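J.: See target-v1.txt below, with compact mmCIF, C-alpha atoms.
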```
# COMPACT_ATOMS: atom_id res chain seq x y z
CA MET A 24 0.00 0.00 0.00
CA LEU A 25 1.21 3.46 -0.91
CA GLU A 26 0.51 6.34 1.37
CA VAL A 27 1.31 9.99 0.84
CA ARG A 28 1.22 12.14 3.96
CA GLU A 29 1.24 15.94 4.14
CA LEU A 30 3.48 16.13 1.11
CA GLU A 31 4.90 19.47 0.11
CA CYS A 32 6.84 20.07 -3.06
CA VAL A 33 8.93 23.12 -3.89
CA ARG A 34 10.72 23.85 -7.16
CA GLY A 35 13.07 26.80 -6.97
CA ASP A 36 11.15 29.46 -5.01
CA HIS A 37 7.80 28.26 -6.19
CA ARG A 38 5.65 26.01 -4.04
CA LEU A 39 3.83 23.51 -6.25
CA PHE A 40 1.57 22.03 -3.60
CA LYS A 41 1.43 21.41 0.12
CA GLY A 42 -0.52 19.23 2.51
CA LEU A 43 -1.18 16.54 -0.07
CA ASN A 44 -2.64 13.34 1.36
CA PHE A 45 -3.83 10.20 -0.35
CA THR A 46 -3.50 6.44 -0.23
CA LEU A 47 -3.39 3.91 -3.00
CA GLN A 48 -4.60 0.41 -2.12
CA GLN A 49 -4.14 -2.81 -4.01
CA GLY A 50 -6.25 -2.89 -7.15
CA GLU A 51 -6.59 0.88 -7.41
CA LEU A 52 -5.91 3.23 -10.28
CA LEU A 53 -5.27 6.88 -9.56
CA HIS A 54 -5.38 9.40 -12.36
CA LEU A 55 -3.47 12.53 -11.52
CA ARG A 56 -4.86 15.64 -13.19
CA GLY A 57 -3.72 19.21 -13.37
CA SER A 58 -2.65 21.90 -15.82
CA ASN A 59 0.90 22.29 -17.08
CA GLY A 60 3.19 23.24 -14.26
CA SER A 61 0.82 22.12 -11.53
CA GLY A 62 3.42 19.65 -10.30
CA LYS A 63 2.29 16.30 -11.68
CA THR A 64 5.73 15.16 -12.75
CA SER A 65 7.31 16.51 -9.56
CA LEU A 66 4.78 14.58 -7.50
CA LEU A 67 5.46 11.36 -9.39
CA ARG A 68 9.22 11.82 -9.08
CA THR A 69 8.84 12.54 -5.38
CA ILE A 70 6.79 9.39 -4.88
CA CYS A 71 9.45 7.38 -6.74
CA GLY A 72 12.08 8.81 -4.43
CA LEU A 73 13.95 10.64 -7.20
CA MET A 74 13.10 13.99 -5.61
CA THR A 75 13.19 14.81 -1.93
CA PRO A 76 9.96 16.33 -0.64
CA ALA A 77 10.19 19.72 1.07
CA ASP A 78 7.94 18.33 3.77
CA GLY A 79 5.86 15.23 4.48
CA GLN A 80 6.57 11.66 3.59
CA VAL A 81 5.80 8.81 1.23
CA LEU A 82 5.13 5.46 2.88
CA TRP A 83 5.26 2.04 1.25
CA ASN A 84 3.60 -0.66 3.35
CA GLY A 85 3.84 1.70 6.29
CA LYS A 86 7.56 2.42 5.96
CA ASN A 87 9.16 5.60 4.71
CA ILE A 88 10.60 4.99 1.23
CA GLN A 89 13.70 7.13 1.91
CA SER A 90 14.90 4.67 4.52
CA ASN A 91 13.51 1.64 2.75
CA ARG A 92 14.55 2.22 -0.83
CA GLU A 93 15.54 -1.26 -1.95
CA ASP A 94 12.33 -2.83 -0.76
CA PHE A 95 10.25 -0.07 -2.36
CA ASN A 96 12.17 -0.16 -5.66
CA ARG A 97 11.61 -3.90 -5.93
CA GLY A 98 7.88 -3.30 -6.26
CA LEU A 99 8.15 -0.20 -8.44
CA MET A 100 7.99 0.33 -12.18
CA TYR A 101 8.49 3.93 -13.23
CA LEU A 102 8.15 5.28 -16.72
CA GLY A 103 8.95 8.96 -16.98
CA HIS A 104 9.30 11.46 -19.81
CA PHE A 105 12.44 9.74 -20.95
CA ASN A 106 12.14 6.25 -22.28
CA GLY A 107 15.22 5.07 -20.43
CA ILE A 108 16.43 2.97 -23.32
CA LYS A 109 19.84 2.96 -24.95
CA GLY A 110 19.96 4.04 -28.60
CA GLU A 111 22.95 1.82 -29.39
CA LEU A 112 21.28 -1.32 -28.10
CA SER A 113 18.53 -3.25 -29.85
CA ALA A 114 15.08 -3.66 -28.34
CA ILE A 115 15.94 -7.18 -27.16
CA GLU A 116 19.19 -6.05 -25.58
CA ASN A 117 17.51 -3.10 -23.89
CA LEU A 118 14.89 -5.27 -22.24
CA SER A 119 17.35 -7.96 -21.31
CA VAL A 120 19.71 -5.42 -19.72
CA ALA A 121 16.85 -3.72 -17.86
CA ASN A 122 15.81 -7.01 -16.30
CA SER A 123 19.31 -8.20 -15.45
CA LEU A 124 19.91 -4.85 -13.77
CA SER A 125 16.86 -5.47 -11.60
CA GLY A 126 18.50 -8.77 -10.75
CA ILE A 127 16.01 -10.89 -12.68
CA LYS A 128 16.97 -13.40 -15.33
CA ILE A 129 14.41 -13.75 -18.07
CA SER A 130 14.39 -15.90 -21.20
CA GLU A 131 14.79 -14.38 -24.63
CA ASN A 132 11.49 -15.97 -25.64
CA LYS A 133 9.68 -13.95 -23.03
CA ILE A 134 11.26 -10.77 -24.38
CA LEU A 135 10.45 -11.67 -27.99
CA ASP A 136 6.90 -12.43 -26.97
CA ALA A 137 6.54 -9.07 -25.23
CA LEU A 138 7.98 -7.21 -28.22
CA GLU A 139 5.61 -8.99 -30.56
CA ARG A 140 2.61 -8.12 -28.42
CA ILE A 141 3.64 -4.48 -28.23
CA GLY A 142 3.87 -4.42 -32.03
CA LEU A 143 7.60 -4.42 -32.65
CA ALA A 144 7.88 -7.77 -34.44
CA GLY A 145 10.62 -7.54 -37.06
CA ARG A 146 12.28 -4.57 -35.33
CA GLU A 147 13.74 -6.48 -32.39
CA ASP A 148 17.32 -6.46 -33.64
CA LEU A 149 17.56 -2.87 -34.84
CA PRO A 150 19.43 -0.39 -32.68
CA THR A 151 16.64 1.60 -31.05
CA LYS A 152 18.10 4.92 -32.23
CA VAL A 153 16.78 4.21 -35.74
CA LEU A 154 13.26 3.59 -34.48
CA SER A 155 10.55 6.27 -34.53
CA GLN A 156 9.52 8.16 -31.41
CA GLY A 157 6.44 5.98 -30.95
CA GLN A 158 8.40 2.78 -31.47
CA LYS A 159 10.97 3.83 -28.86
CA ARG A 160 8.10 4.46 -26.46
CA ARG A 161 6.81 0.98 -27.23
CA VAL A 162 10.18 -0.55 -26.33
CA ALA A 163 9.95 1.14 -22.95
CA LEU A 164 6.34 0.01 -22.54
CA ALA A 165 7.24 -3.59 -23.39
CA GLN A 166 8.82 -3.66 -19.96
CA LEU A 167 5.31 -3.43 -18.51
CA LEU A 168 4.50 -6.77 -20.11
CA ILE A 169 7.48 -8.42 -18.46
CA THR A 170 7.63 -6.86 -15.02
CA ASP A 171 5.76 -8.22 -12.04
CA SER A 172 6.03 -4.95 -10.11
CA LYS A 173 3.12 -4.10 -7.84
CA LEU A 174 3.17 -0.34 -8.33
CA TRP A 175 3.28 1.29 -11.74
CA ILE A 176 4.02 5.00 -11.92
CA LEU A 177 3.47 6.24 -15.45
CA ASP A 178 4.13 9.84 -16.46
CA GLU A 179 2.27 10.66 -19.67
CA PRO A 180 2.50 7.08 -20.94
CA PHE A 181 0.21 7.73 -23.92
CA THR A 182 2.30 10.40 -25.65
CA ALA A 183 3.64 9.51 -29.11
CA LEU A 184 1.54 6.33 -29.26
CA ASP A 185 -0.87 5.49 -32.06
CA VAL A 186 -4.48 4.42 -31.51
CA HIS A 187 -3.64 0.75 -31.45
CA ALA A 188 -0.87 1.15 -28.88
CA VAL A 189 -3.06 3.37 -26.72
CA GLU A 190 -5.68 0.59 -26.60
CA LEU A 191 -3.02 -1.97 -25.74
CA LEU A 192 -1.58 0.14 -22.95
CA LYS A 193 -5.05 0.81 -21.60
CA ASP A 194 -5.70 -2.94 -21.45
CA LEU A 195 -2.40 -3.45 -19.69
CA VAL A 196 -3.27 -0.85 -17.07
CA ILE A 197 -6.70 -2.40 -16.51
CA ARG A 198 -5.23 -5.87 -16.19
CA GLN A 199 -2.63 -4.64 -13.70
CA VAL A 200 -5.39 -3.09 -11.58
CA GLN A 201 -7.61 -6.16 -11.81
CA SER A 202 -4.80 -8.43 -10.74
CA GLY A 203 -4.35 -6.45 -7.53
CA GLY A 204 -1.64 -4.05 -8.68
CA MET A 205 -1.58 -0.30 -8.27
CA VAL A 206 -1.28 2.28 -11.02
CA LEU A 207 -0.61 5.97 -10.69
CA LEU A 208 -0.65 7.87 -13.97
CA THR A 209 -0.90 11.28 -15.55
CA THR A 210 -2.24 12.00 -18.99
CA HIS A 211 -3.71 14.90 -20.90
CA GLN A 212 -5.32 12.57 -23.39
CA TYR A 213 -8.83 11.34 -22.95
CA VAL A 214 -8.56 7.63 -22.25
CA GLU A 215 -11.69 5.59 -21.91
CA ILE A 216 -11.45 3.67 -18.66
CA ASP A 217 -14.46 2.61 -16.60
CA PRO A 218 -14.82 5.42 -14.01
CA SER A 219 -15.68 2.91 -11.30
CA MET A 220 -12.13 1.57 -11.59
CA MET A 221 -10.47 4.93 -11.47
CA ARG A 222 -10.02 7.62 -8.87
CA GLU A 223 -8.98 11.11 -9.80
CA LEU A 224 -6.85 13.63 -8.01
CA ASP A 225 -6.75 17.18 -9.30
CA LEU A 226 -3.64 19.12 -8.31
CA ASN A 227 -5.25 22.41 -9.38
CA ALA A 228 -7.95 21.93 -6.77
CA LEU A 229 -5.48 21.87 -3.88
CA MET B 6 18.94 -14.38 -3.12
CA THR B 7 19.72 -10.67 -2.88
CA GLU B 8 23.48 -11.28 -3.15
CA ALA B 9 22.89 -13.35 -6.27
CA SER B 10 20.68 -10.69 -7.83
CA LEU B 11 23.14 -7.96 -6.88
CA PHE B 12 25.93 -9.92 -8.55
CA LEU B 13 23.79 -10.44 -11.63
CA ALA B 14 23.00 -6.73 -11.73
CA SER B 15 26.62 -5.63 -11.29
CA ARG B 16 27.72 -7.97 -14.05
CA ALA B 17 24.94 -6.72 -16.32
CA MET B 18 26.02 -3.13 -15.68
CA VAL B 19 29.65 -3.84 -16.60
CA LYS B 20 28.60 -5.83 -19.66
CA ARG B 21 26.19 -3.13 -20.80
CA ASP B 22 28.78 -0.35 -20.56
CA VAL B 23 31.41 -2.42 -22.35
CA ILE B 24 28.99 -3.21 -25.21
CA LEU B 25 28.01 0.46 -25.46
CA ALA B 26 31.66 1.50 -25.60
CA LEU B 27 32.44 -1.09 -28.27
CA ARG B 28 29.60 0.26 -30.38
CA ARG B 29 31.03 3.75 -30.01
CA LYS B 30 34.73 3.02 -30.25
CA ALA B 31 35.62 6.65 -30.94
CA ASP B 32 35.04 7.54 -27.28
CA VAL B 33 37.52 4.97 -26.01
CA LEU B 34 40.08 5.68 -28.72
CA THR B 35 40.05 9.46 -28.17
CA THR B 36 41.31 9.03 -24.62
CA LEU B 37 44.07 6.67 -25.66
CA PHE B 38 45.22 8.74 -28.64
CA PHE B 39 45.19 11.89 -26.54
CA PHE B 40 47.52 10.15 -24.08
CA LEU B 41 49.86 8.89 -26.81
CA ILE B 42 49.99 12.22 -28.64
CA VAL B 43 50.53 14.42 -25.59
CA VAL B 44 53.51 12.30 -24.47
CA SER B 45 54.90 12.20 -28.01
CA LEU B 46 54.83 16.00 -28.18
CA PHE B 47 57.38 16.39 -25.40
CA PRO B 48 60.47 15.19 -27.29
CA LEU B 49 59.47 17.62 -30.04
CA GLY B 50 59.14 20.49 -27.61
CA VAL B 51 61.97 19.77 -25.18
CA GLY B 52 64.41 18.46 -27.77
CA PRO B 53 65.73 14.95 -28.39
CA GLU B 54 68.33 15.03 -25.57
CA MET B 55 67.95 11.50 -24.15
CA GLU B 56 69.24 12.38 -20.67
CA THR B 57 66.68 15.17 -20.22
CA LEU B 58 63.86 13.03 -21.55
CA ARG B 59 64.72 10.16 -19.22
CA VAL B 60 64.51 12.45 -16.22
CA ILE B 61 61.17 14.00 -17.13
CA ALA B 62 59.63 10.77 -18.52
CA PRO B 63 57.72 9.56 -15.42
CA GLY B 64 56.30 12.99 -14.74
CA VAL B 65 55.31 13.57 -18.35
CA ILE B 66 53.63 10.18 -18.67
CA TRP B 67 51.81 10.65 -15.38
CA VAL B 68 50.55 14.14 -16.17
CA ALA B 69 49.38 12.94 -19.59
CA ALA B 70 47.58 9.97 -17.99
CA LEU B 71 45.94 12.35 -15.54
CA LEU B 72 44.69 14.64 -18.29
CA ALA B 73 43.52 11.69 -20.38
CA ALA B 74 41.57 10.34 -17.40
CA MET B 75 40.09 13.83 -17.00
CA LEU B 76 38.98 13.82 -20.63
CA SER B 77 36.89 10.68 -20.28
CA LEU B 78 35.25 11.62 -16.96
CA GLY B 79 32.47 13.69 -18.48
CA ARG B 80 31.00 10.68 -20.23
CA MET B 81 30.82 8.48 -17.16
CA PHE B 82 27.23 9.43 -16.30
CA SER B 83 26.16 12.03 -18.88
CA ASP B 84 24.89 9.61 -21.56
CA ASP B 85 22.78 7.72 -19.03
CA TYR B 86 21.56 11.02 -17.65
CA GLN B 87 20.41 12.26 -21.03
CA ASP B 88 18.42 9.22 -22.11
CA GLY B 89 16.83 8.60 -18.72
CA THR B 90 18.57 5.32 -17.98
CA LEU B 91 20.24 6.93 -14.98
CA GLU B 92 16.80 7.50 -13.43
CA GLN B 93 16.09 3.82 -13.89
CA ILE B 94 19.45 2.93 -12.33
CA LEU B 95 18.54 5.02 -9.28
CA LEU B 96 15.30 3.05 -9.00
CA LEU B 97 16.92 -0.38 -9.06
CA PRO B 98 16.35 -2.57 -6.03
CA HIS B 99 20.07 -2.55 -5.19
CA PRO B 100 22.34 -0.23 -3.22
CA LEU B 101 23.16 2.62 -5.59
CA SER B 102 26.80 2.64 -4.48
CA ALA B 103 27.21 -0.93 -5.76
CA MET B 104 25.82 0.04 -9.15
CA VAL B 105 28.05 3.11 -9.21
CA LEU B 106 31.08 0.97 -8.39
CA SER B 107 30.30 -1.27 -11.37
CA LYS B 108 30.16 1.78 -13.60
CA ILE B 109 33.47 3.07 -12.24
CA ILE B 110 35.14 -0.31 -12.78
CA THR B 111 33.96 -0.31 -16.38
CA HIS B 112 35.15 3.25 -16.83
CA TRP B 113 38.59 2.20 -15.66
CA LEU B 114 38.62 -0.89 -17.90
CA LEU B 115 37.84 1.29 -20.90
CA SER B 116 39.87 4.41 -20.20
CA GLY B 117 42.44 3.60 -17.50
CA LEU B 118 43.61 0.13 -18.44
CA PRO B 119 44.47 1.07 -22.06
CA LEU B 120 46.78 3.77 -20.68
CA VAL B 121 48.54 1.22 -18.47
CA ILE B 122 48.93 -1.15 -21.43
CA PHE B 123 50.40 1.49 -23.73
CA SER B 124 52.64 3.15 -21.16
CA PRO B 125 55.66 0.86 -21.83
CA LEU B 126 55.70 2.06 -25.42
CA LEU B 127 55.89 5.66 -24.27
CA GLY B 128 58.45 4.76 -21.61
CA MET B 129 60.74 3.32 -24.25
CA GLN B 130 60.16 6.32 -26.47
CA LEU B 131 61.42 8.57 -23.66
CA GLY B 132 64.41 6.33 -22.91
CA LEU B 133 63.37 4.66 -19.65
CA ASP B 134 65.06 1.35 -18.88
CA GLY B 135 63.20 -1.92 -18.36
CA GLU B 136 63.06 -1.74 -14.59
CA ALA B 137 61.72 1.80 -14.58
CA ILE B 138 59.10 0.86 -17.17
CA VAL B 139 57.81 -2.03 -15.05
CA LEU B 140 57.62 0.26 -12.03
CA LEU B 141 55.84 2.91 -14.07
CA MET B 142 53.26 0.35 -15.10
CA ILE B 143 52.71 -0.73 -11.51
CA THR B 144 52.22 2.87 -10.36
CA LEU B 145 49.75 3.51 -13.18
CA MET B 146 47.98 0.27 -12.37
CA LEU B 147 47.40 1.57 -8.82
CA GLY B 148 46.89 5.21 -9.74
CA THR B 149 44.47 5.09 -12.68
CA PRO B 150 41.71 3.20 -10.79
CA ALA B 151 42.04 5.71 -7.95
CA MET B 152 41.64 8.51 -10.49
CA SER B 153 38.48 6.88 -11.93
CA LEU B 154 37.07 6.54 -8.42
CA ILE B 155 37.79 10.12 -7.36
CA GLY B 156 36.76 11.48 -10.75
CA ALA B 157 33.38 9.77 -10.46
CA VAL B 158 32.43 12.04 -7.56
CA GLY B 159 33.25 15.12 -9.63
CA ALA B 160 31.45 13.75 -12.67
CA ALA B 161 28.35 13.03 -10.59
CA LEU B 162 28.36 16.47 -8.97
CA THR B 163 28.64 18.35 -12.27
CA LEU B 164 26.07 16.22 -14.05
CA GLY B 165 23.70 18.23 -16.21
CA LEU B 166 25.51 21.53 -15.65
CA ARG B 167 26.51 23.71 -18.55
CA GLY B 168 30.27 23.77 -18.90
CA GLY B 169 30.44 20.79 -16.57
CA GLY B 170 33.62 19.61 -18.30
CA VAL B 171 35.70 22.58 -17.13
CA LEU B 172 34.14 22.52 -13.68
CA VAL B 173 34.94 18.86 -13.19
CA SER B 174 38.61 19.60 -13.95
CA LEU B 175 38.67 22.32 -11.33
CA LEU B 176 37.03 20.03 -8.79
CA VAL B 177 38.99 16.90 -9.42
CA LEU B 178 42.50 17.91 -10.54
CA PRO B 179 43.53 19.16 -7.06
CA LEU B 180 42.43 15.83 -5.63
CA TYR B 181 44.67 14.03 -8.11
CA ILE B 182 47.79 15.78 -6.80
CA PRO B 183 48.72 13.16 -4.16
CA ILE B 184 48.35 10.38 -6.71
CA LEU B 185 50.53 12.31 -9.15
CA ILE B 186 53.23 13.02 -6.56
CA PHE B 187 53.57 9.44 -5.38
CA GLY B 188 53.04 7.92 -8.82
CA ALA B 189 55.65 9.94 -10.64
CA GLY B 190 57.90 10.06 -7.58
CA ALA B 191 58.18 6.27 -7.37
CA VAL B 192 60.28 5.93 -10.53
CA GLU B 193 62.59 8.76 -9.55
CA SER B 194 62.99 7.40 -6.06
CA GLN B 195 63.95 3.99 -7.37
CA SER B 196 66.52 5.33 -9.85
CA SER B 197 68.13 7.30 -7.05
CA GLY B 198 68.51 4.09 -5.07
CA LEU B 199 65.95 4.77 -2.34
CA GLY B 200 63.51 2.11 -3.50
CA ALA B 201 59.87 2.66 -4.42
CA ASP B 202 58.18 0.58 -1.73
CA ALA B 203 56.96 3.54 0.30
CA HIS B 204 55.53 5.26 -2.76
CA LEU B 205 53.73 2.11 -3.86
CA SER B 206 52.31 1.56 -0.38
CA ILE B 207 50.93 5.07 -0.28
CA LEU B 208 49.46 4.71 -3.77
CA GLY B 209 47.83 1.44 -2.68
CA ALA B 210 46.49 3.11 0.44
CA LEU B 211 45.04 5.98 -1.61
CA LEU B 212 43.37 3.45 -3.90
CA MET B 213 41.85 1.55 -0.97
CA LEU B 214 40.65 4.77 0.63
CA ALA B 215 39.04 5.87 -2.63
CA LEU B 216 37.50 2.43 -3.09
CA VAL B 217 35.74 2.67 0.25
CA PHE B 218 34.52 6.26 0.20
CA THR B 219 33.96 7.37 -3.38
CA PRO B 220 31.15 4.96 -4.41
CA ILE B 221 29.08 6.17 -1.46
CA SER B 222 29.75 9.86 -2.14
CA THR B 223 29.18 9.38 -5.88
CA ALA B 224 25.81 7.76 -5.17
CA ALA B 225 24.86 10.67 -2.93
CA ALA B 226 26.02 13.18 -5.57
CA LEU B 227 23.94 11.43 -8.25
CA ARG B 228 20.83 11.66 -6.10
CA ILE B 229 21.43 15.38 -5.64
CA SER B 230 22.02 15.91 -9.36
CA LEU B 231 18.77 14.17 -10.29
CA ASP B 232 16.69 15.90 -7.64
```
Rewrite the coordinates I just gave you, this time as structure tokens.

T.:
Amino acid sequence: MLEVRELECVRGDHRLFKGLNFTLQQGELLHLRGSNGSGKTSLLRTICGLMTPADGQVLWNGKNIQSNREDFNRGLMYLGHFNGIKGELSAIENLSVANSLSGIKISENKILDALERIGLAGREDLPTKVLSQGQKRRVALAQLLITDSKLWILDEPFTALDVHAVELLKDLVIRQVQSGGMVLLTTHQYVEIDPSMMRELDLNAL
Amino acid sequence: MTEASLFLASRAMVKRDVILALRRKADVLTTLFFFLIVVSLFPLGVGPEMETLRVIAPGVIWVAALLAAMLSLGRMFSDDYQDGTLEQILLLPHPLSAMVLSKIITHWLLSGLPLVIFSPLLGMQLGLDGEAIVLLMITLMLGTPAMSLIGAVGAALTLGLRGGGVLVSLLVLPLYIPILIFGAGAVESQSSGLGADAHLSILGALLMLALVFTPISTAAALRISLD
């Protein structure tokens, strides 16, 4: 369970938000809304532990993530503005490296399968720097098909994706929630997800 | 289980950086050629007097190695920073200092070790005898990893800054001074009959000290740079 308590976030001299409280239980999807500059990305980065909050804390299963990083990171899958893939490596190599770095050994078949499902069949061996923006995003998203992380934090995951990939990603998010996972995402695009599955948090309203 | 996964992760990190470097050979070769060319310039500038060259050889080779190490520091984290893989590295379920240490080891393998391997060639070029060349190699073998370790802190602190390259030199070069003094001094001390044991011990101690403290401070610096 993820819990955010009295969180305050400051960038430069500007306070983005303060006194933010919410919890995310198993099987919940939280859609973070807010205009540009309202602090969505900062909030997500703070929850990941990449940014230090000005005040307040983020708790994972009741323990502060700052003092419990390894445990928290084991259950976390973060996809930010950057795809976090290497242009010189092929899609297969990128995924294989990403998993070995997490300390997990996975078979090449599993990677090939994930790449095929995400729509990159036939492009697996190309260095990812020659792929299009949307295809690079898909390589990063293929990791969602492989990971068994409990908490997904997705910052604008739908950008640069075509209609087909948007549908696929939506299904993935729904399946993650239905299987007892947690998803925290931001998007400016209208994505059709059953409102009963989704909670919303508007940073502008704070 | 965690030790096994940490080992797997460290190995994957080394392997990844080696593959990346092999696909972009220019980066590795620039450092090496810089080293070779800088040392080769000295006989042209100072004149081909063998006695003079032999005296300045250890110092020249050491200063060139130091500058070459400097040259490659900027790339240690900047590529990973730009494409977002560094964020992912920070979010791995392992101690960040262990991951950082793997990166530093790879950095040394790719930029420090080639200097050690090619130093005998330069030693001969400057008229050093066999014994002095072996000693020079040993000092570089101890000194270059220490330089990669100390340099990593500077590289992490200046990550994402404009003009970070110059700043990292200002930060790190003063810290290289002890390594330079004892590295270059070892050869001179041996040729004067004093023996180089003390110099080598101090170099080894500096390396051990750097090995213990710099991965932790580099990890902390990376977290600050990405905040």

J.: Would you mind listing, as a ChimeraX atom specification, all residues of chain A that have at least one atom within 6 Å of chain B, where all atoms listed in the file are what counts?

T.: /A:73-74,93,96-97,105,107,123-126

J.: Quick one, how far is atom CA of Ala201 of chain B from atom CA of Glu136 of chain B?

T.: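 Separation of atom CA of Ala201 of chain B and atom CA of Glu136 of chain B: 11.5 Å.
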
J.: Can you tell me how far atom CA of Met146 of chain B sits from atom CA of Ala226 of chain B, in Å to one decimal?

T.: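 The value is 26.4 Å.
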
J.: Need the shell around Gln195 of chain B: protein/DNA/RNA residues with any atom at most 10 Å away, counting all atoms listed in the file. Skip same-chain ones fewer than 5 positions apart. Format as a PyMOL selection string?

T.: chain B and resi 136-137+140+190+200-202+204

J.: Can you tell me how far atom CA of Leu166 of chain B sits from atom CA of Leu76 of chain B, in Å to one decimal?

T.: 16.3 Å

J.: Do you know which residues are at most 12 Å from Ala137 of chain A counting all atoms listed in the file, after dropping those on the same chain fewer than 5 positions away, and could you put them as a list of chain:residue names?

T.: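 After dropping sequence-adjacent residues, the list is A:Ala114, A:Ile115, A:Leu118, A:Ser119, A:Ile129, A:Ser130, A:Glu131, A:Asn132, A:Gly142, A:Leu143, A:Ala144, A:Glu147, A:Arg161, A:Val162, A:Ala163, A:Leu164, A:Ala165, A:Gln166, A:Leu167, A:Leu168, A:Ile169, A:Thr170, A:Leu191, A:Leu195.
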
J.: With distances taken over all atoms listed in the file, which residue among A:Arg140, A:Lys128, A:Lys193, A:Arg222 lies nearest Leu53 of chain A?

T.: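 Ranked by minimum distance to Leu53 of chain A, first place goes to A:Arg222.
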
J.: When you count all atoms listed in the file, which of these residues is closest to Ile155 of chain B: B:Gly169, B:Gly209, B:Gly135, B:Pro220?

T.: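 Using all atoms listed in the file, Ile155 of chain B sits closest to B:Pro220.
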
J.: So, counting only C-alpha atoms, which residue among B:Leu154, B:Ile122, B:Ala191, B:Leu78 is closest to Ile109 of chain B?

T.: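 Counting only C-alpha atoms, the residue closest to Ile109 of chain B is B:Leu154.
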
J.: Please work out which residues fall within 9 Å of (-6.5, 23.0, -2.0), coordinates as given in the file, with all atoms listed in the file counting, and return them as an NGL selection string.

T.: :A and (40-43 or 226-229)

J.: Do you know which residues are at most 12 Å from Leu149 of chain A counting only C-alpha atoms, after dropping those on the same chain fewer than 6 positions away, and could you put them as a list in words?

T.: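 Selected residues are Lys109, Gly110, Glu111, Leu112, Ser113, Ala114, Ile115, Glu116, Asn117, Leu143, Ser155, Gln158, Lys159 and Val162 of chain A.
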
J.: Taking only C-alpha atoms into account, which of A:Val200, A:Ala183, A:Leu39, A:Met24 comes nearest Asn106 of chain A?

T.: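 Distance minimum relative to Asn106 of chain A lands on A:Ala183.
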
J.: Residues near Ile110 of chain B, anyone? I mean within 9 Å using all atoms listed in the file, not counting same-chain ones fewer than 2 positions away, as an NGL selection string.

T.: :B and (19 or 105-108 or 112-115 or 150 or 153-154)
